[in-house]
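Trainee: Here it is, the structure in full.
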Number of protein chains: 2
Amino acid sequence: MSTQAVAFHPVAGLPEFDRRSNLAAEILLALRAADRALMSGDVLVVAQKIVSKCEGRWVSLASVEPAPEAIEIARRTGKDPRFVETVLRESREVVRVARNVLITRHRSGFVMANAGIDRSNVGPASDPDRVLLLPEDPDRSARQLRDALRIATGADVGVIVSDSFGRPWRYGVVNVALGVAGPPPLRDLRGTTDRAGRVMETTEVAWADAVAAGAALAMGEGAEGVPVVRVTGLDWTPSDASGQTLIRAIDEDLFR
Amino acid sequence: MSTQAVAFHPVAGLPEFDRRSNLAAEILLALRAADRALMSGDVLVVAQKIVSKCEGRWVSLASVEPAPEAIEIARRTGKDPRFVETVLRESREVVRVARNVLITRHRSGFVMANAGIDRSNVGPASDPDRVLLLPEDPDRSARQLRDALRIATGADVGVIVSDSFGRPWRYGVVNVALGVAGPPPLRDLRGTTDRAGRVMETTEVAWADAVAAGAALAMGEGAEGVPVVRVTGLDWTPSDASGQTLIRAIDEDLFR
């Protein structure tokens, strides 16, 4: 059971990231400057935004020619047709369209607003037409960072690439796990018994999503945000399961 | 900005709760036994289940007579008709019905499975027909606990009454905030600017939900779960907003 505290430590002092950045090296430098070291069992939660920047996932809207579907959806949403076209190119299907709302199924399976494409806090103020896509494969990004950290330090840390999602029936965004390397994304409680010895009905806990959600509290907000959080005190055994295991199968989706 | 760690401390050593329990006193006793004190600014996340137990929110299914609608939904879901009847009595509307799935809008506004009624980990194994409803008014429960703790200790702590929710497009449950007293449930980022000086598109962060989600990591699971978590290192200013402010207005619900 949990007897120790689970702590979310912001990794302060990181630079701006771009395609030349070595993410693992920058994280280790920032930790060293703060006299911190990674330990096996730590989990790093990394904002999708900086992973995408390191992977150069920029698109210039000036180069995007919207097709008729994008123009129609732009009319219904009030969004820029070139932005909508970029969202559709990143998506498998459109889930909901309304004023200011475009929810799609991203080609990686995530049902989310705007295919995770963010126009805020991503580029120089002088280039408002540049937008940033999600990482090509967030699980691969997480694995690569985990491997690089293990090679550099010997520590077996978990990595979660996170992004903020809205929810259909609740206001506000919460962080969830897009890519996961190391810890099990889900913990299965099927068959475990409760205090009274009864078999529990609860099935699975979205453990990696809970870690991502908590990390947002240490990431802070807006201009002063910290895009990497080190989480200590978690109890996990390495798993090969990826962040894809968090995505509900389409034939179980009651809200398409 | 966040420079200190946000830490989730399980409050170990709590007893079983029932209608005679004084929740505030039991929490203070458990903290004292562990040589911990509450400080102003701490947030306590309390599992709905123990709040309901303290409020005596039991229903015996043996006393429930299912109406025709419940019998029909029981057939489609494979659930006990008396359980379905109890869910419907706690609900404003049925949102989705499928095999093993009954999602309703609870009369408090929450869209959730089974109106939050849980048959696991709630009663003696000898009485499998006893189920536990959500607290009558989770915000009131949170306020009462906050007030009692302030009177007893002088500390102004936040209280979040949490429960685990499923999500339409992701597997696994995450904790969310049902009742909130003290901290603002939502943090509004509208109008704040990002590092590049651009106005951010992101609107609001579901801060209380993030605190609830992170707390689940320290609550542990199943038989060895800890139903109260003390959260330190959070930065909040008291607010009168309740947990109801997290519930999306029905006229903005695209997934009814």
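Following the order of the structure tokens, chains are lettered A, B, ..., residues in each are numbered from 1, and ligands are numbered from 1.
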Tell me which protein, DNA and RNA residues are within 8 Å of region 238-240 of chain A, counting only C-alpha atoms, leaving out same-chain ones fewer than 4 positions away, and put them as a PyMOL selection string.
Mentor: chain A and resi 181-184
Trainee: Fewer than 3 positions away in the same chain doesn't count, so skip those; otherwise give me all residues within 7 Å of Arg105 (chain B), counting only C-alpha atoms, as a PyMOL selection string.
Mentor: chain B and resi 91-95+109-112
Trainee: Save out the residues we just selected, C-alpha atoms, as a PDB file, in the first residue's frame.
Mentor:
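Result written to result-v6.pdb:
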ATOM      1  CA  SER B  91     -30.746  10.433 -11.481  1.00  0.00           C
ATOM      2  CA  ARG B  92     -32.286  13.184 -13.569  1.00  0.00           C
ATOM      3  CA  GLU B  93     -31.936  11.431 -16.909  1.00  0.00           C
ATOM      4  CA  VAL B  94     -30.494   8.352 -18.530  1.00  0.00           C
ATOM      5  CA  VAL B  95     -27.561   9.196 -20.819  1.00  0.00           C
ATOM      6  CA  GLY B 109     -25.575  17.101 -12.222  1.00  0.00           C
ATOM      7  CA  PHE B 110     -22.703  14.657 -12.546  1.00  0.00           C
ATOM      8  CA  VAL B 111     -22.752  12.480 -15.655  1.00  0.00           C
ATOM      9  CA  MET B 112     -21.375   9.195 -14.388  1.00  0.00           C
TER      10      MET B 112
END
Trainee: Which residues come within 12 Å of region 137-150 of chain B, counting only C-alpha atoms, excluding same-chain residues fewer than 6 positions away, as a ChimeraX atom specification?
Mentor: /B:22-29,37-55,57,106-110,116,156-163,177-183,185,238-246
Trainee: Mind checking DSSP for region 69-194 of chain B and telling me the strand (DSSP E) residues as a VMD selection string?
Mentor: chain B and resid 91 to 98 101 to 106 111 to 113 130 to 132 158 to 165 174 to 181 187 to 188
Trainee: Can you tell me, as a PDB file with N, CA, C and O atoms, in the first residue's frame, which residues in region 7-240 of chain A count as alpha helix (DSSP H) by DSSP?
Mentor:
ATOM      1  N   LEU A  23      16.536  16.739 -25.690  1.00  0.00           N
ATOM      2  CA  LEU A  23      15.616  16.843 -24.557  1.00  0.00           C
ATOM      3  C   LEU A  23      16.176  16.163 -23.313  1.00  0.00           C
ATOM      4  O   LEU A  23      16.146  16.728 -22.211  1.00  0.00           O
ATOM      5  N   ALA A  24      16.698  14.948 -23.484  1.00  0.00           N
ATOM      6  CA  ALA A  24      17.243  14.222 -22.321  1.00  0.00           C
ATOM      7  C   ALA A  24      18.379  15.016 -21.685  1.00  0.00           C
ATOM      8  O   ALA A  24      18.446  15.171 -20.456  1.00  0.00           O
ATOM      9  N   ALA A  25      19.262  15.545 -22.502  1.00  0.00           N
ATOM     10  CA  ALA A  25      20.411  16.282 -21.966  1.00  0.00           C
ATOM     11  C   ALA A  25      19.960  17.555 -21.252  1.00  0.00           C
ATOM     12  O   ALA A  25      20.498  17.893 -20.179  1.00  0.00           O
ATOM     13  N   GLU A  26      18.985  18.243 -21.812  1.00  0.00           N
ATOM     14  CA  GLU A  26      18.504  19.479 -21.173  1.00  0.00           C
ATOM     15  C   GLU A  26      17.849  19.184 -19.823  1.00  0.00           C
ATOM     16  O   GLU A  26      18.021  19.930 -18.853  1.00  0.00           O
ATOM     17  N   ILE A  27      17.090  18.089 -19.762  1.00  0.00           N
ATOM     18  CA  ILE A  27      16.450  17.733 -18.488  1.00  0.00           C
ATOM     19  C   ILE A  27      17.517  17.397 -17.443  1.00  0.00           C
ATOM     20  O   ILE A  27      17.453  17.852 -16.293  1.00  0.00           O
ATOM     21  N   LEU A  28      18.528  16.642 -17.845  1.00  0.00           N
ATOM     22  CA  LEU A  28      19.575  16.272 -16.894  1.00  0.00           C
ATOM     23  C   LEU A  28      20.374  17.487 -16.442  1.00  0.00           C
ATOM     24  O   LEU A  28      20.736  17.605 -15.262  1.00  0.00           O
ATOM     25  N   LEU A  29      20.629  18.415 -17.370  1.00  0.00           N
ATOM     26  CA  LEU A  29      21.326  19.652 -16.995  1.00  0.00           C
ATOM     27  C   LEU A  29      20.514  20.460 -15.989  1.00  0.00           C
ATOM     28  O   LEU A  29      21.062  20.977 -15.000  1.00  0.00           O
ATOM     29  N   ALA A  30      19.211  20.571 -16.246  1.00  0.00           N
ATOM     30  CA  ALA A  30      18.368  21.363 -15.344  1.00  0.00           C
ATOM     31  C   ALA A  30      18.303  20.713 -13.963  1.00  0.00           C
ATOM     32  O   ALA A  30      18.341  21.403 -12.937  1.00  0.00           O
ATOM     33  N   LEU A  31      18.204  19.388 -13.931  1.00  0.00           N
ATOM     34  CA  LEU A  31      18.180  18.697 -12.641  1.00  0.00           C
ATOM     35  C   LEU A  31      19.495  18.880 -11.904  1.00  0.00           C
ATOM     36  O   LEU A  31      19.527  19.129 -10.694  1.00  0.00           O
ATOM     37  N   ARG A  32      20.602  18.772 -12.645  1.00  0.00           N
ATOM     38  CA  ARG A  32      21.910  18.901 -12.010  1.00  0.00           C
ATOM     39  C   ARG A  32      22.087  20.302 -11.437  1.00  0.00           C
ATOM     40  O   ARG A  32      22.597  20.468 -10.319  1.00  0.00           O
ATOM     41  N   ALA A  33      21.619  21.304 -12.186  1.00  0.00           N
ATOM     42  CA  ALA A  33      21.739  22.689 -11.708  1.00  0.00           C
ATOM     43  C   ALA A  33      20.958  22.882 -10.408  1.00  0.00           C
ATOM     44  O   ALA A  33      21.288  23.732  -9.585  1.00  0.00           O
ATOM     45  N   GLN A  48       3.529  17.628 -23.992  1.00  0.00           N
ATOM     46  CA  GLN A  48       3.572  17.303 -25.429  1.00  0.00           C
ATOM     47  C   GLN A  48       4.227  18.410 -26.238  1.00  0.00           C
ATOM     48  O   GLN A  48       4.947  18.161 -27.206  1.00  0.00           O
ATOM     49  N   LYS A  49       3.961  19.635 -25.821  1.00  0.00           N
ATOM     50  CA  LYS A  49       4.408  20.795 -26.580  1.00  0.00           C
ATOM     51  C   LYS A  49       5.920  20.807 -26.803  1.00  0.00           C
ATOM     52  O   LYS A  49       6.395  21.069 -27.912  1.00  0.00           O
ATOM     53  N   ILE A  50       6.686  20.502 -25.755  1.00  0.00           N
ATOM     54  CA  ILE A  50       8.143  20.570 -25.942  1.00  0.00           C
ATOM     55  C   ILE A  50       8.645  19.362 -26.725  1.00  0.00           C
ATOM     56  O   ILE A  50       9.625  19.465 -27.454  1.00  0.00           O
ATOM     57  N   VAL A  51       7.956  18.227 -26.602  1.00  0.00           N
ATOM     58  CA  VAL A  51       8.346  17.071 -27.421  1.00  0.00           C
ATOM     59  C   VAL A  51       8.126  17.409 -28.889  1.00  0.00           C
ATOM     60  O   VAL A  51       8.998  17.164 -29.743  1.00  0.00           O
ATOM     61  N   SER A  52       6.974  18.001 -29.183  1.00  0.00           N
ATOM     62  CA  SER A  52       6.685  18.378 -30.568  1.00  0.00           C
ATOM     63  C   SER A  52       7.706  19.395 -31.091  1.00  0.00           C
ATOM     64  O   SER A  52       8.135  19.322 -32.246  1.00  0.00           O
ATOM     65  N   LYS A  53       8.094  20.332 -30.246  1.00  0.00           N
ATOM     66  CA  LYS A  53       9.086  21.321 -30.677  1.00  0.00           C
ATOM     67  C   LYS A  53      10.412  20.641 -31.000  1.00  0.00           C
ATOM     68  O   LYS A  53      11.051  20.948 -32.008  1.00  0.00           O
ATOM     69  N   CYS A  54      10.815  19.708 -30.137  1.00  0.00           N
ATOM     70  CA  CYS A  54      12.071  18.991 -30.392  1.00  0.00           C
ATOM     71  C   CYS A  54      11.988  18.166 -31.672  1.00  0.00           C
ATOM     72  O   CYS A  54      13.003  17.907 -32.318  1.00  0.00           O
ATOM     73  N   PRO A  68     -12.932  21.683 -49.430  1.00  0.00           N
ATOM     74  CA  PRO A  68     -14.318  22.101 -49.132  1.00  0.00           C
ATOM     75  C   PRO A  68     -14.808  21.667 -47.752  1.00  0.00           C
ATOM     76  O   PRO A  68     -15.491  22.438 -47.059  1.00  0.00           O
ATOM     77  N   GLU A  69     -14.483  20.449 -47.313  1.00  0.00           N
ATOM     78  CA  GLU A  69     -14.943  20.002 -45.992  1.00  0.00           C
ATOM     79  C   GLU A  69     -14.417  20.932 -44.897  1.00  0.00           C
ATOM     80  O   GLU A  69     -15.134  21.278 -43.960  1.00  0.00           O
ATOM     81  N   ALA A  70     -13.151  21.325 -45.017  1.00  0.00           N
ATOM     82  CA  ALA A  70     -12.558  22.211 -44.010  1.00  0.00           C
ATOM     83  C   ALA A  70     -13.226  23.578 -44.035  1.00  0.00           C
ATOM     84  O   ALA A  70     -13.462  24.190 -42.979  1.00  0.00           O
ATOM     85  N   ILE A  71     -13.564  24.052 -45.233  1.00  0.00           N
ATOM     86  CA  ILE A  71     -14.214  25.367 -45.351  1.00  0.00           C
ATOM     87  C   ILE A  71     -15.582  25.328 -44.691  1.00  0.00           C
ATOM     88  O   ILE A  71     -15.972  26.255 -43.961  1.00  0.00           O
ATOM     89  N   GLU A  72     -16.302  24.232 -44.902  1.00  0.00           N
ATOM     90  CA  GLU A  72     -17.630  24.081 -44.301  1.00  0.00           C
ATOM     91  C   GLU A  72     -17.527  24.016 -42.764  1.00  0.00           C
ATOM     92  O   GLU A  72     -18.286  24.673 -42.042  1.00  0.00           O
ATOM     93  N   ILE A  73     -16.574  23.213 -42.277  1.00  0.00           N
ATOM     94  CA  ILE A  73     -16.424  23.095 -40.818  1.00  0.00           C
ATOM     95  C   ILE A  73     -15.923  24.414 -40.221  1.00  0.00           C
ATOM     96  O   ILE A  73     -16.317  24.790 -39.109  1.00  0.00           O
ATOM     97  N   ALA A  74     -15.104  25.114 -40.959  1.00  0.00           N
ATOM     98  CA  ALA A  74     -14.632  26.426 -40.485  1.00  0.00           C
ATOM     99  C   ALA A  74     -15.804  27.384 -40.319  1.00  0.00           C
ATOM    100  O   ALA A  74     -15.881  28.140 -39.338  1.00  0.00           O
ATOM    101  N   ARG A  75     -16.753  27.311 -41.249  1.00  0.00           N
ATOM    102  CA  ARG A  75     -17.935  28.166 -41.168  1.00  0.00           C
ATOM    103  C   ARG A  75     -18.738  27.830 -39.908  1.00  0.00           C
ATOM    104  O   ARG A  75     -19.167  28.707 -39.163  1.00  0.00           O
ATOM    105  N   ARG A  76     -18.893  26.530 -39.640  1.00  0.00           N
ATOM    106  CA  ARG A  76     -19.731  26.123 -38.500  1.00  0.00           C
ATOM    107  C   ARG A  76     -19.033  26.367 -37.157  1.00  0.00           C
ATOM    108  O   ARG A  76     -19.697  26.561 -36.142  1.00  0.00           O
ATOM    109  N   THR A  77     -17.716  26.312 -37.150  1.00  0.00           N
ATOM    110  CA  THR A  77     -16.982  26.473 -35.886  1.00  0.00           C
ATOM    111  C   THR A  77     -16.523  27.901 -35.649  1.00  0.00           C
ATOM    112  O   THR A  77     -16.235  28.280 -34.508  1.00  0.00           O
ATOM    113  N   PRO A  81     -10.134  28.395 -41.706  1.00  0.00           N
ATOM    114  CA  PRO A  81     -10.236  27.210 -42.574  1.00  0.00           C
ATOM    115  C   PRO A  81      -8.908  26.467 -42.739  1.00  0.00           C
ATOM    116  O   PRO A  81      -8.891  25.236 -42.837  1.00  0.00           O
ATOM    117  N   ARG A  82      -7.807  27.194 -42.722  1.00  0.00           N
ATOM    118  CA  ARG A  82      -6.501  26.532 -42.862  1.00  0.00           C
ATOM    119  C   ARG A  82      -6.173  25.736 -41.602  1.00  0.00           C
ATOM    120  O   ARG A  82      -5.575  24.654 -41.664  1.00  0.00           O
ATOM    121  N   PHE A  83      -6.584  26.266 -40.466  1.00  0.00           N
ATOM    122  CA  PHE A  83      -6.406  25.540 -39.205  1.00  0.00           C
ATOM    123  C   PHE A  83      -7.272  24.278 -39.208  1.00  0.00           C
ATOM    124  O   PHE A  83      -6.799  23.180 -38.874  1.00  0.00           O
ATOM    125  N   VAL A  84      -8.516  24.413 -39.639  1.00  0.00           N
ATOM    126  CA  VAL A  84      -9.416  23.253 -39.689  1.00  0.00           C
ATOM    127  C   VAL A  84      -8.849  22.193 -40.646  1.00  0.00           C
ATOM    128  O   VAL A  84      -8.848  20.997 -40.332  1.00  0.00           O
ATOM    129  N   GLU A  85      -8.359  22.625 -41.789  1.00  0.00           N
ATOM    130  CA  GLU A  85      -7.769  21.676 -42.743  1.00  0.00           C
ATOM    131  C   GLU A  85      -6.607  20.914 -42.083  1.00  0.00           C
ATOM    132  O   GLU A  85      -6.471  19.693 -42.247  1.00  0.00           O
ATOM    133  N   THR A  86      -5.800  21.613 -41.326  1.00  0.00           N
ATOM    134  CA  THR A  86      -4.667  20.977 -40.646  1.00  0.00           C
ATOM    135  C   THR A  86      -5.154  19.971 -39.613  1.00  0.00           C
ATOM    136  O   THR A  86      -4.602  18.874 -39.475  1.00  0.00           O
ATOM    137  N   VAL A  87      -6.213  20.333 -38.893  1.00  0.00           N
ATOM    138  CA  VAL A  87      -6.810  19.397 -37.921  1.00  0.00           C
ATOM    139  C   VAL A  87      -7.314  18.142 -38.648  1.00  0.00           C
ATOM    140  O   VAL A  87      -7.035  17.015 -38.220  1.00  0.00           O
ATOM    141  N   LEU A  88      -8.023  18.344 -39.757  1.00  0.00           N
ATOM    142  CA  LEU A  88      -8.599  17.181 -40.463  1.00  0.00           C
ATOM    143  C   LEU A  88      -7.506  16.267 -41.010  1.00  0.00           C
ATOM    144  O   LEU A  88      -7.644  15.046 -40.994  1.00  0.00           O
ATOM    145  N   ARG A  89      -6.419  16.840 -41.462  1.00  0.00           N
ATOM    146  CA  ARG A  89      -5.307  16.012 -41.975  1.00  0.00           C
ATOM    147  C   ARG A  89      -4.694  15.162 -40.879  1.00  0.00           C
ATOM    148  O   ARG A  89      -4.091  14.129 -41.155  1.00  0.00           O
ATOM    149  N   PRO A 138       3.617   9.576 -29.898  1.00  0.00           N
ATOM    150  CA  PRO A 138       3.980   9.954 -28.524  1.00  0.00           C
ATOM    151  C   PRO A 138       4.572   8.798 -27.709  1.00  0.00           C
ATOM    152  O   PRO A 138       5.426   9.035 -26.838  1.00  0.00           O
ATOM    153  N   ASP A 139       4.154   7.566 -27.990  1.00  0.00           N
ATOM    154  CA  ASP A 139       4.764   6.434 -27.276  1.00  0.00           C
ATOM    155  C   ASP A 139       6.237   6.284 -27.656  1.00  0.00           C
ATOM    156  O   ASP A 139       7.084   6.020 -26.800  1.00  0.00           O
ATOM    157  N   ARG A 140       6.513   6.446 -28.933  1.00  0.00           N
ATOM    158  CA  ARG A 140       7.913   6.361 -29.367  1.00  0.00           C
ATOM    159  C   ARG A 140       8.730   7.489 -28.731  1.00  0.00           C
ATOM    160  O   ARG A 140       9.855   7.261 -28.251  1.00  0.00           O
ATOM    161  N   SER A 141       8.157   8.684 -28.691  1.00  0.00           N
ATOM    162  CA  SER A 141       8.865   9.804 -28.063  1.00  0.00           C
ATOM    163  C   SER A 141       9.160   9.489 -26.600  1.00  0.00           C
ATOM    164  O   SER A 141      10.258   9.775 -26.101  1.00  0.00           O
ATOM    165  N   ALA A 142       8.195   8.907 -25.914  1.00  0.00           N
ATOM    166  CA  ALA A 142       8.389   8.568 -24.498  1.00  0.00           C
ATOM    167  C   ALA A 142       9.469   7.503 -24.347  1.00  0.00           C
ATOM    168  O   ALA A 142      10.350   7.612 -23.481  1.00  0.00           O
ATOM    169  N   ARG A 143       9.422   6.488 -25.204  1.00  0.00           N
ATOM    170  CA  ARG A 143      10.437   5.420 -25.129  1.00  0.00           C
ATOM    171  C   ARG A 143      11.834   5.961 -25.399  1.00  0.00           C
ATOM    172  O   ARG A 143      12.808   5.585 -24.739  1.00  0.00           O
ATOM    173  N   GLN A 144      11.932   6.840 -26.406  1.00  0.00           N
ATOM    174  CA  GLN A 144      13.254   7.380 -26.749  1.00  0.00           C
ATOM    175  C   GLN A 144      13.834   8.189 -25.592  1.00  0.00           C
ATOM    176  O   GLN A 144      15.023   8.090 -25.289  1.00  0.00           O
ATOM    177  N   LEU A 145      12.984   8.962 -24.944  1.00  0.00           N
ATOM    178  CA  LEU A 145      13.474   9.757 -23.820  1.00  0.00           C
ATOM    179  C   LEU A 145      13.868   8.844 -22.664  1.00  0.00           C
ATOM    180  O   LEU A 145      14.919   9.029 -22.032  1.00  0.00           O
ATOM    181  N   ARG A 146      13.049   7.831 -22.393  1.00  0.00           N
ATOM    182  CA  ARG A 146      13.379   6.883 -21.320  1.00  0.00           C
ATOM    183  C   ARG A 146      14.721   6.194 -21.595  1.00  0.00           C
ATOM    184  O   ARG A 146      15.573   6.075 -20.703  1.00  0.00           O
ATOM    185  N   ASP A 147      14.896   5.752 -22.851  1.00  0.00           N
ATOM    186  CA  ASP A 147      16.144   5.068 -23.195  1.00  0.00           C
ATOM    187  C   ASP A 147      17.341   6.002 -23.050  1.00  0.00           C
ATOM    188  O   ASP A 147      18.392   5.611 -22.524  1.00  0.00           O
ATOM    189  N   ALA A 148      17.189   7.232 -23.524  1.00  0.00           N
ATOM    190  CA  ALA A 148      18.306   8.182 -23.451  1.00  0.00           C
ATOM    191  C   ALA A 148      18.672   8.481 -21.992  1.00  0.00           C
ATOM    192  O   ALA A 148      19.859   8.585 -21.647  1.00  0.00           O
ATOM    193  N   LEU A 149      17.672   8.584 -21.143  1.00  0.00           N
ATOM    194  CA  LEU A 149      17.942   8.863 -19.726  1.00  0.00           C
ATOM    195  C   LEU A 149      18.610   7.667 -19.058  1.00  0.00           C
ATOM    196  O   LEU A 149      19.491   7.820 -18.209  1.00  0.00           O
ATOM    197  N   ARG A 150      18.196   6.462 -19.464  1.00  0.00           N
ATOM    198  CA  ARG A 150      18.801   5.266 -18.866  1.00  0.00           C
ATOM    199  C   ARG A 150      20.264   5.138 -19.285  1.00  0.00           C
ATOM    200  O   ARG A 150      21.126   4.809 -18.468  1.00  0.00           O
ATOM    201  N   ILE A 151      20.526   5.427 -20.546  1.00  0.00           N
ATOM    202  CA  ILE A 151      21.914   5.357 -21.027  1.00  0.00           C
ATOM    203  C   ILE A 151      22.774   6.387 -20.302  1.00  0.00           C
ATOM    204  O   ILE A 151      23.910   6.112 -19.891  1.00  0.00           O
ATOM    205  N   ALA A 152      22.215   7.575 -20.096  1.00  0.00           N
ATOM    206  CA  ALA A 152      23.012   8.650 -19.496  1.00  0.00           C
ATOM    207  C   ALA A 152      23.208   8.474 -17.994  1.00  0.00           C
ATOM    208  O   ALA A 152      24.233   8.889 -17.440  1.00  0.00           O
ATOM    209  N   THR A 153      22.237   7.892 -17.320  1.00  0.00           N
ATOM    210  CA  THR A 153      22.277   7.898 -15.850  1.00  0.00           C
ATOM    211  C   THR A 153      22.257   6.517 -15.227  1.00  0.00           C
ATOM    212  O   THR A 153      22.554   6.376 -14.035  1.00  0.00           O
ATOM    213  N   TRP A 207      -3.983   4.812 -14.442  1.00  0.00           N
ATOM    214  CA  TRP A 207      -2.897   5.258 -13.589  1.00  0.00           C
ATOM    215  C   TRP A 207      -2.032   6.332 -14.261  1.00  0.00           C
ATOM    216  O   TRP A 207      -1.709   7.363 -13.648  1.00  0.00           O
ATOM    217  N   ALA A 208      -1.670   6.117 -15.510  1.00  0.00           N
ATOM    218  CA  ALA A 208      -0.817   7.102 -16.194  1.00  0.00           C
ATOM    219  C   ALA A 208      -1.551   8.426 -16.385  1.00  0.00           C
ATOM    220  O   ALA A 208      -0.934   9.498 -16.348  1.00  0.00           O
ATOM    221  N   ASP A 209      -2.859   8.363 -16.583  1.00  0.00           N
ATOM    222  CA  ASP A 209      -3.625   9.604 -16.687  1.00  0.00           C
ATOM    223  C   ASP A 209      -3.640  10.342 -15.355  1.00  0.00           C
ATOM    224  O   ASP A 209      -3.600  11.581 -15.325  1.00  0.00           O
ATOM    225  N   ALA A 210      -3.719   9.599 -14.264  1.00  0.00           N
ATOM    226  CA  ALA A 210      -3.695  10.244 -12.942  1.00  0.00           C
ATOM    227  C   ALA A 210      -2.345  10.917 -12.700  1.00  0.00           C
ATOM    228  O   ALA A 210      -2.277  12.026 -12.147  1.00  0.00           O
ATOM    229  N   VAL A 211      -1.272  10.262 -13.116  1.00  0.00           N
ATOM    230  CA  VAL A 211       0.060  10.870 -12.959  1.00  0.00           C
ATOM    231  C   VAL A 211       0.155  12.145 -13.805  1.00  0.00           C
ATOM    232  O   VAL A 211       0.629  13.192 -13.344  1.00  0.00           O
ATOM    233  N   ALA A 212      -0.339  12.054 -15.032  1.00  0.00           N
ATOM    234  CA  ALA A 212      -0.317  13.236 -15.912  1.00  0.00           C
ATOM    235  C   ALA A 212      -1.160  14.362 -15.326  1.00  0.00           C
ATOM    236  O   ALA A 212      -0.751  15.535 -15.327  1.00  0.00           O
ATOM    237  N   ALA A 213      -2.338  14.014 -14.794  1.00  0.00           N
ATOM    238  CA  ALA A 213      -3.238  15.037 -14.245  1.00  0.00           C
ATOM    239  C   ALA A 213      -2.589  15.740 -13.058  1.00  0.00           C
ATOM    240  O   ALA A 213      -2.619  16.974 -12.960  1.00  0.00           O
ATOM    241  N   GLY A 214      -2.004  14.957 -12.165  1.00  0.00           N
ATOM    242  CA  GLY A 214      -1.351  15.555 -11.002  1.00  0.00           C
ATOM    243  C   GLY A 214      -0.177  16.431 -11.390  1.00  0.00           C
ATOM    244  O   GLY A 214       0.064  17.484 -10.787  1.00  0.00           O
ATOM    245  N   ALA A 215       0.550  16.019 -12.421  1.00  0.00           N
ATOM    246  CA  ALA A 215       1.730  16.786 -12.837  1.00  0.00           C
ATOM    247  C   ALA A 215       1.365  18.193 -13.274  1.00  0.00           C
ATOM    248  O   ALA A 215       2.161  19.132 -13.113  1.00  0.00           O
ATOM    249  N   ALA A 216       0.152  18.343 -13.805  1.00  0.00           N
ATOM    250  CA  ALA A 216      -0.263  19.679 -14.257  1.00  0.00           C
ATOM    251  C   ALA A 216      -0.224  20.681 -13.111  1.00  0.00           C
ATOM    252  O   ALA A 216       0.008  21.874 -13.328  1.00  0.00           O
ATOM    253  N   LEU A 217      -0.447  20.206 -11.890  1.00  0.00           N
ATOM    254  CA  LEU A 217      -0.438  21.109 -10.732  1.00  0.00           C
ATOM    255  C   LEU A 217       0.946  21.697 -10.486  1.00  0.00           C
ATOM    256  O   LEU A 217       1.077  22.799  -9.967  1.00  0.00           O
ATOM    257  N   ALA A 218       1.982  20.937 -10.831  1.00  0.00           N
ATOM    258  CA  ALA A 218       3.349  21.418 -10.642  1.00  0.00           C
ATOM    259  C   ALA A 218       3.881  22.111 -11.895  1.00  0.00           C
ATOM    260  O   ALA A 218       4.913  22.781 -11.845  1.00  0.00           O
ATOM    261  N   MET A 219       3.182  21.906 -13.025  1.00  0.00           N
ATOM    262  CA  MET A 219       3.629  22.558 -14.252  1.00  0.00           C
ATOM    263  C   MET A 219       3.309  24.045 -14.229  1.00  0.00           C
ATOM    264  O   MET A 219       3.948  24.829 -14.922  1.00  0.00           O
TER     265      MET A 219
END
Trainee: Using only C-alpha atoms, can you tell me which of A:Glu252, A:Gly13, A:Ser164, A:Asp35 comes closest to Glu221 (chain A)?
Mentor: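 The shortest atom-to-atom distance to Glu221 (chain A) comes from A:Ser164.
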Trainee: Can you measure CA of Asp235 (chain B) to CA of Asp235 (chain A) for me? One decimal in Å is fine.
Mentor: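 Atom-to-atom, CA of Asp235 (chain B) to CA of Asp235 (chain A), that is 26.0 Å.
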Trainee: Between CA of Gly172 (chain A) and CA of Phe165 (chain B), what distance in Å does the model show, to one decimal?
Mentor: 15.5 Å
Trainee: Do a neighbour search on Arg248 (chain B) at 7 Å with only C-alpha atoms, toss out local chain neighbours closer than 2 positions, and write the hits as a count of residues only.
Mentor: 7
Trainee: Just give me the gap between CA of Val173 (chain B) and CA of Gly233 (chain A) in Å, one decimal is fine.
Mentor: 20.9 Å
Trainee: Measuring atom to atom with only C-alpha atoms, identify which of A:Ile103, A:Ala206, A:Ala115, A:Val226 is nearest to chain B.
Mentor: A:Ala206
Trainee: With only C-alpha atoms as the atoms that count, which of A:Val228, A:Ala155, A:Ala249, A:Val205 lies nearest to chain B?
Mentor: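 Comparing A:Val228, A:Ala155, A:Ala249, A:Val205 against chain B, the winner is A:Val205.
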Trainee: With distances taken over only C-alpha atoms, which of A:Thr232, A:Asp127, A:Arg187, A:Glu136 is nearest to Gly220 (chain B)?
Mentor: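 Closest to Gly220 (chain B) of all the choices is A:Arg187.
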